[in-house]
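Below: the structure, in structure tokens.
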Amino acid sequence: MKNETHPMENYLRMDRIPHIWCPGCGIGLAVTALVSAIEKANLDLNKLCVVSGIGCTGRVAGYIKLDSFHTTHGRAIPFATGIKLANPELKLIVVSGDGDLISIGGNHFIHAARRNIDMVVICVNNFIYAMTGGQVAPTTPSPAYTTTSPYGNFEPSSNVPQIAESAGAVYVARWTALHIRRLTNSILEALNKPGFSVVEVISPCAQYYSRINRLGDGMDMMKFYHDNSEIKHFEPTDNLSIGYQKEITVGKFVDRERPTYTESFQKWLKK
Amino acid sequence: MRANPRDVRTGILYIDGDVAAAEGALAAGCKFVGGYPITPSTEAAEAFVRRAPQVGAMFIQMEDELGSISAVMGASLSGKKSMTITSGPGFSLMMETIGFGAMLEIPFVIINIQRGGPSTGVPTKTGQADMMQARWGSQGDYEVITLSPDSPQESFDFTIKAFNLAEKYRVPVMLMSDECVGHMTEKVVVPEADKIEIEPRRLYKGPKDKYVPFKPDKDLVPPMVKAGDGYKLYLSALTHNERGYPTQNIKNSSSRRLIDKIRLNADDIIEIKEEGLEDAEVVVVSYGITSRVAFRAIEQARKLGIKVGNLRLVTVWPFPDKKITELSKKVKGFVVPEINYGQVVFEVERCVHGNANIILVPHGGASVHNPNDILTAIKTIVKDKKRYDGILEFKTELELRIFGSGDNK
């Protein structure tokens, strides 16, 4: 009998598998991309920390075998900020959802980007609050149905790359859960780039978002991404709003240099 | 362990209670403050950040109090002694993360310079109405430790004590100061560094592969590791077992221990200052700035020949249950002045078990009590023969004129 082990065993807490994510969910793919990027980045695993907030994506920290922290709702970024400032040699990866990072944690997102704190933020955007059963989110496109927009969502939605760029992020990319190889490369680039990097991952929520909107299962969502994603590197971020079942522009949009918080602080200390 | 001379501004200083708290934090080895400006606590943050570069400490002014307390959690897990400084509205915003800190047993200190409330209240004036919030403001069951200073000297001393207790018990410790103490400038004696006892971080010393994050020592407190030390630490504020993994089996979780590590160690934690209790017929129970005001009333009552005992709560939480119960069997009654409409007095009532009379001397905030009110309450206890039905609420002469006497004598 062959005794094969999971190829990512060194990076995952195998004693916590099976994970809690539903069939057809894209978060596992985001984790796969993250782990592959970490593997390729050849970083000291003892100096990497993963911080998550609350929600489906908030559970990521619990499955990755690094120093990992499952914090309160919306506070993954300031928590990671504290870790980083108290020990600047650590590399921080924040993995959380759109609701956690852009809604309840939106203020922290903006200010961490402004300060250019050295961390990689992976924002898994499934357009909905999934852990709580599919409520409307600031990222929900109009007029999608959710349990708290049962007659369709009339609010305009947040454009994550645009917020990230305007707040000061040095690296901004977006991929869907289908673009696993390109997503991995983007996370790898972000890991190697000092400063505040944001990688948005458009991810299918096959249980809530696609069911209530009758968009099929996870595979149908992936087919939709396949047919409707267009790669446009360095597209101006104000063109990146996502409409309901409209084309999704993906790619790397921002890659620029700014002094990080730690660099600025060290320079200021010397003065 | 002794304090580092670099961190301690040894000498006789003339500073206010806010600055004294910052000096206390520095002396205790605090190396990280995440803060957000709020009256009347800002002087503490300003004092800390001025000295921070000299002692290798870090200050960051976060975007809000939710951010500042979260950054404090992260910094503490990175191994730095950490605190935040705030007042009522900011304290309210921090509540969720205080519960997070209690749940994950993260050592940290909060300086709360209380102001008049509720809501925006009287930002520039005093209050003591956050006492119950300090105890139970976050959801769920947990225990904290609070310390109430009545002077800049105690702000300094108790902030050091706060850090020591936080590290020893891995628990949120709050310095429940107030605007009056915070803005009161007095002499503060800062001892030499080798006279200041410092509790170091309780670090795990066993083999790396045997580390179990929430496996407690005999005193129910588990040792810690730092982020970045290669332990592949996983912490979640979901109800968790010793391993740190989520569980719905409460019996197997740390829930009970979070309570027990404080309750069963209460004798070690509780500090009270008592005087004249041996033959007292009336005991004044007070804390923080109110203790100083009450002292005037106690002196006057003693001049009148009344035997008054003075019981000052340094730690309001955990509450000195046993001491109050023991006293209640010997005295006629208790007078409890506090700058709120009754919070700690209910704890006194719980421990008195109907053995003695209790008068609450409330105060709405924005200033301190008139000592005469406390004196009148003391006299009332001595005079009254009958047992009150519950707590008697004292009304000032002004209130009596407006609202009538009610039950009051």
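All residue names refer to the structure tokens as shown: chains lettered A, B, ... in order, residues numbered from 1 in each chain, ligands numbered from 1 in order.
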Next on the checklist: Residues of chain B were defined as contacting chain A if any atom lay at most 10 Å from it, counting only C-alpha atoms; please report them as a ChimeraX atom specification.
Outcome noted: /B:31-34,53-54,56-60,62-64,66-82,96-97,99-101,104,226-238,244-246
Item to check | All residues 10 Å or closer to segment 249-257 of chain A, only C-alpha atoms, same chain fewer than 3 positions away omitted, as a PyMOL selection string | outcome: chain A and resi 161-162+164-165+168-176+179+182-183+186+189-190+193-195+197-202+228-237+239-242+246+260
Write out as a PDB file with N, CA and C atoms, in the first residue's frame the residues lying within 7 Å of Val284 of chain B, counting only C-alpha atoms and excluding same-chain residues fewer than 3 positions away.
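Output contents, as saved in around_29.pdb:
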ATOM      1  N   GLY B 309     -13.677  53.485  60.466  1.00  0.00           N
ATOM      2  CA  GLY B 309     -12.605  52.732  59.810  1.00  0.00           C
ATOM      3  C   GLY B 309     -12.497  53.159  58.359  1.00  0.00           C
ATOM      4  N   ASN B 310     -11.281  53.082  57.843  1.00  0.00           N
ATOM      5  CA  ASN B 310     -11.046  53.508  56.465  1.00  0.00           C
ATOM      6  C   ASN B 310     -10.583  52.296  55.661  1.00  0.00           C
ATOM      7  N   LEU B 311     -11.393  51.902  54.707  1.00  0.00           N
ATOM      8  CA  LEU B 311     -11.037  50.758  53.861  1.00  0.00           C
ATOM      9  C   LEU B 311     -10.927  51.231  52.423  1.00  0.00           C
ATOM     10  N   PHE B 334     -21.760  50.564  56.726  1.00  0.00           N
ATOM     11  CA  PHE B 334     -20.756  50.978  55.739  1.00  0.00           C
ATOM     12  C   PHE B 334     -21.236  52.236  55.021  1.00  0.00           C
ATOM     13  N   VAL B 335     -20.295  53.113  54.732  1.00  0.00           N
ATOM     14  CA  VAL B 335     -20.590  54.259  53.875  1.00  0.00           C
ATOM     15  C   VAL B 335     -19.756  54.085  52.616  1.00  0.00           C
ATOM     16  N   VAL B 336     -20.417  54.128  51.465  1.00  0.00           N
ATOM     17  CA  VAL B 336     -19.704  53.916  50.201  1.00  0.00           C
ATOM     18  C   VAL B 336     -19.889  55.134  49.306  1.00  0.00           C
TER      19      VAL B 336
END
Checklist entry - Counting only C-alpha atoms, what is within 9 Å of Gly134 of chain A, bar same-chain residues fewer than 2 positions away, as a VMD selection string? => result chain A and resid 128 to 132 136 to 137 146 to 148 207 to 209 212
Next on the checklist: as a PyMOL selection string, please: every residue in segment 26-264 of chain A that a backbone DSSP assignment puts in helix (DSSP H, G or I).
Outcome noted: chain A and resi 27-41+45-47+57-62+76-86+98-104+106-115+160-167+180-192+209-212+218-228+237-239+261-264
Checklist entry - Which polymer residues have any atom within 9 Å of an atom of Ala129 of chain B, counting only C-alpha atoms, with same-chain residues fewer than 2 positions away left out, as a ChimeraX atom specification? => result /B:88,114-118,127,131-133,338-343,364-365
Next, dump the selected residues to file, keeping only C-alpha atoms, as an mmCIF file, in the first residue's frame.
data_model
loop_
_atom_site.group_PDB
_atom_site.id
_atom_site.type_symbol
_atom_site.label_atom_id
_atom_site.label_comp_id
_atom_site.auth_asym_id
_atom_site.auth_seq_id
_atom_site.Cartn_x
_atom_site.Cartn_y
_atom_site.Cartn_z
ATOM 1 C CA GLY B 88 -14.539 56.419 28.634
ATOM 2 C CA GLN B 114 -12.091 58.138 33.707
ATOM 3 C CA ARG B 115 -14.212 61.164 32.884
ATOM 4 C CA GLY B 116 -17.816 62.165 33.463
ATOM 5 C CA GLY B 117 -20.286 60.043 31.488
ATOM 6 C CA PRO B 118 -22.378 58.513 30.010
ATOM 7 C CA GLY B 127 -15.914 60.378 37.009
ATOM 8 C CA MET B 131 -16.041 50.412 37.175
ATOM 9 C CA MET B 132 -18.635 47.841 36.133
ATOM 10 C CA GLN B 133 -17.714 48.228 32.481
ATOM 11 C CA GLU B 338 -18.305 56.826 44.612
ATOM 12 C CA ILE B 339 -18.483 59.165 41.645
ATOM 13 C CA ASN B 340 -21.368 57.345 40.018
ATOM 14 C CA TYR B 341 -24.928 56.459 41.032
ATOM 15 C CA GLY B 342 -23.983 53.156 42.617
ATOM 16 C CA GLN B 343 -21.696 50.476 41.178
ATOM 17 C CA GLY B 364 -22.956 62.433 39.233
ATOM 18 C CA GLY B 365 -19.412 63.334 38.244
#
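If only C-alpha atoms are the atoms counted, then among A:Gly133, A:Pro23, A:Pro138, A:Gly58 the closest residue to Ile102 of chain A is A:Pro138.
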Next on the checklist: For the strand (DSSP E) assignment from backbone DSSP, which residues of segment 95-166 of chain A qualify? Please present them as a ChimeraX atom specification.
Outcome noted: /A:95-97,119-125,128-129,135-136
Write out, as a CSV table (one decimal), in the first residue's frame, the residues just selected, with C-alpha atoms.
chain,number,residue,atom,x,y,z
A,95,VAL,CA,-5.7,36.8,4.9
A,96,SER,CA,-9.3,37.9,5.4
A,97,GLY,CA,-12.5,38.5,3.6
A,119,MET,CA,2.5,43.3,5.1
A,120,VAL,CA,0.8,41.3,2.4
A,121,VAL,CA,-3.0,41.6,2.5
A,122,ILE,CA,-4.9,38.9,0.7
A,123,CYS,CA,-8.5,39.9,0.4
A,124,VAL,CA,-10.7,37.0,-0.6
A,125,ASN,CA,-13.8,38.7,-2.1
A,128,ILE,CA,-21.1,38.4,0.4
A,129,TYR,CA,-21.0,37.8,4.2
A,135,GLN,CA,-25.9,39.0,3.8
A,136,VAL,CA,-25.2,42.0,1.6
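Excluding His353 of chain B itself and any same-chain residue fewer than 4 positions from it, the protein and nucleic acid residues within 12 Å of it, counting only C-alpha atoms, are Asp321, Lys322, Ile324, Thr325, Glu326, Leu327, Ser328, Lys329, Gly333, Phe346, Glu347, Val348, Glu349, Asn357, Ile358, Gly390 and Ile391 of chain B.
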Would you export the selected residues with C-alpha atoms as a short mmCIF file (atom, residue, chain, number, x, y, z; two decimals), in the first residue's frame, please?
data_model
loop_
_atom_site.label_atom_id
_atom_site.label_comp_id
_atom_site.auth_asym_id
_atom_site.auth_seq_id
_atom_site.Cartn_x
_atom_site.Cartn_y
_atom_site.Cartn_z
CA ASP B 321 -15.38 39.67 49.43
CA LYS B 322 -14.00 37.99 52.53
CA ILE B 324 -16.14 42.97 53.72
CA THR B 325 -18.11 39.98 55.01
CA GLU B 326 -15.83 39.69 58.02
CA LEU B 327 -16.21 43.41 58.82
CA SER B 328 -19.98 43.33 58.32
CA LYS B 329 -20.30 41.07 61.36
CA GLY B 333 -22.65 50.01 58.87
CA PHE B 346 -23.73 46.68 45.13
CA GLU B 347 -20.68 44.49 45.60
CA VAL B 348 -20.44 45.74 49.17
CA GLU B 349 -24.11 44.89 49.67
CA ASN B 357 -26.49 49.03 57.15
CA ILE B 358 -25.10 50.52 53.94
CA GLY B 390 -31.38 47.46 51.20
CA ILE B 391 -28.98 50.26 50.41
#
Checklist entry - Got a sec: who's within 8 Å of segment 155-159 of chain B, counting only C-alpha atoms, leaving out chain neighbours fewer than 3 positions off, as a ChimeraX atom specification? => result /B:17-18,20-25,28,147-152,162-163,175,177,188
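In this model, the gap between atom CA of Glu274 of chain B and atom CA of Pro318 of chain B comes to 16.7 Å.
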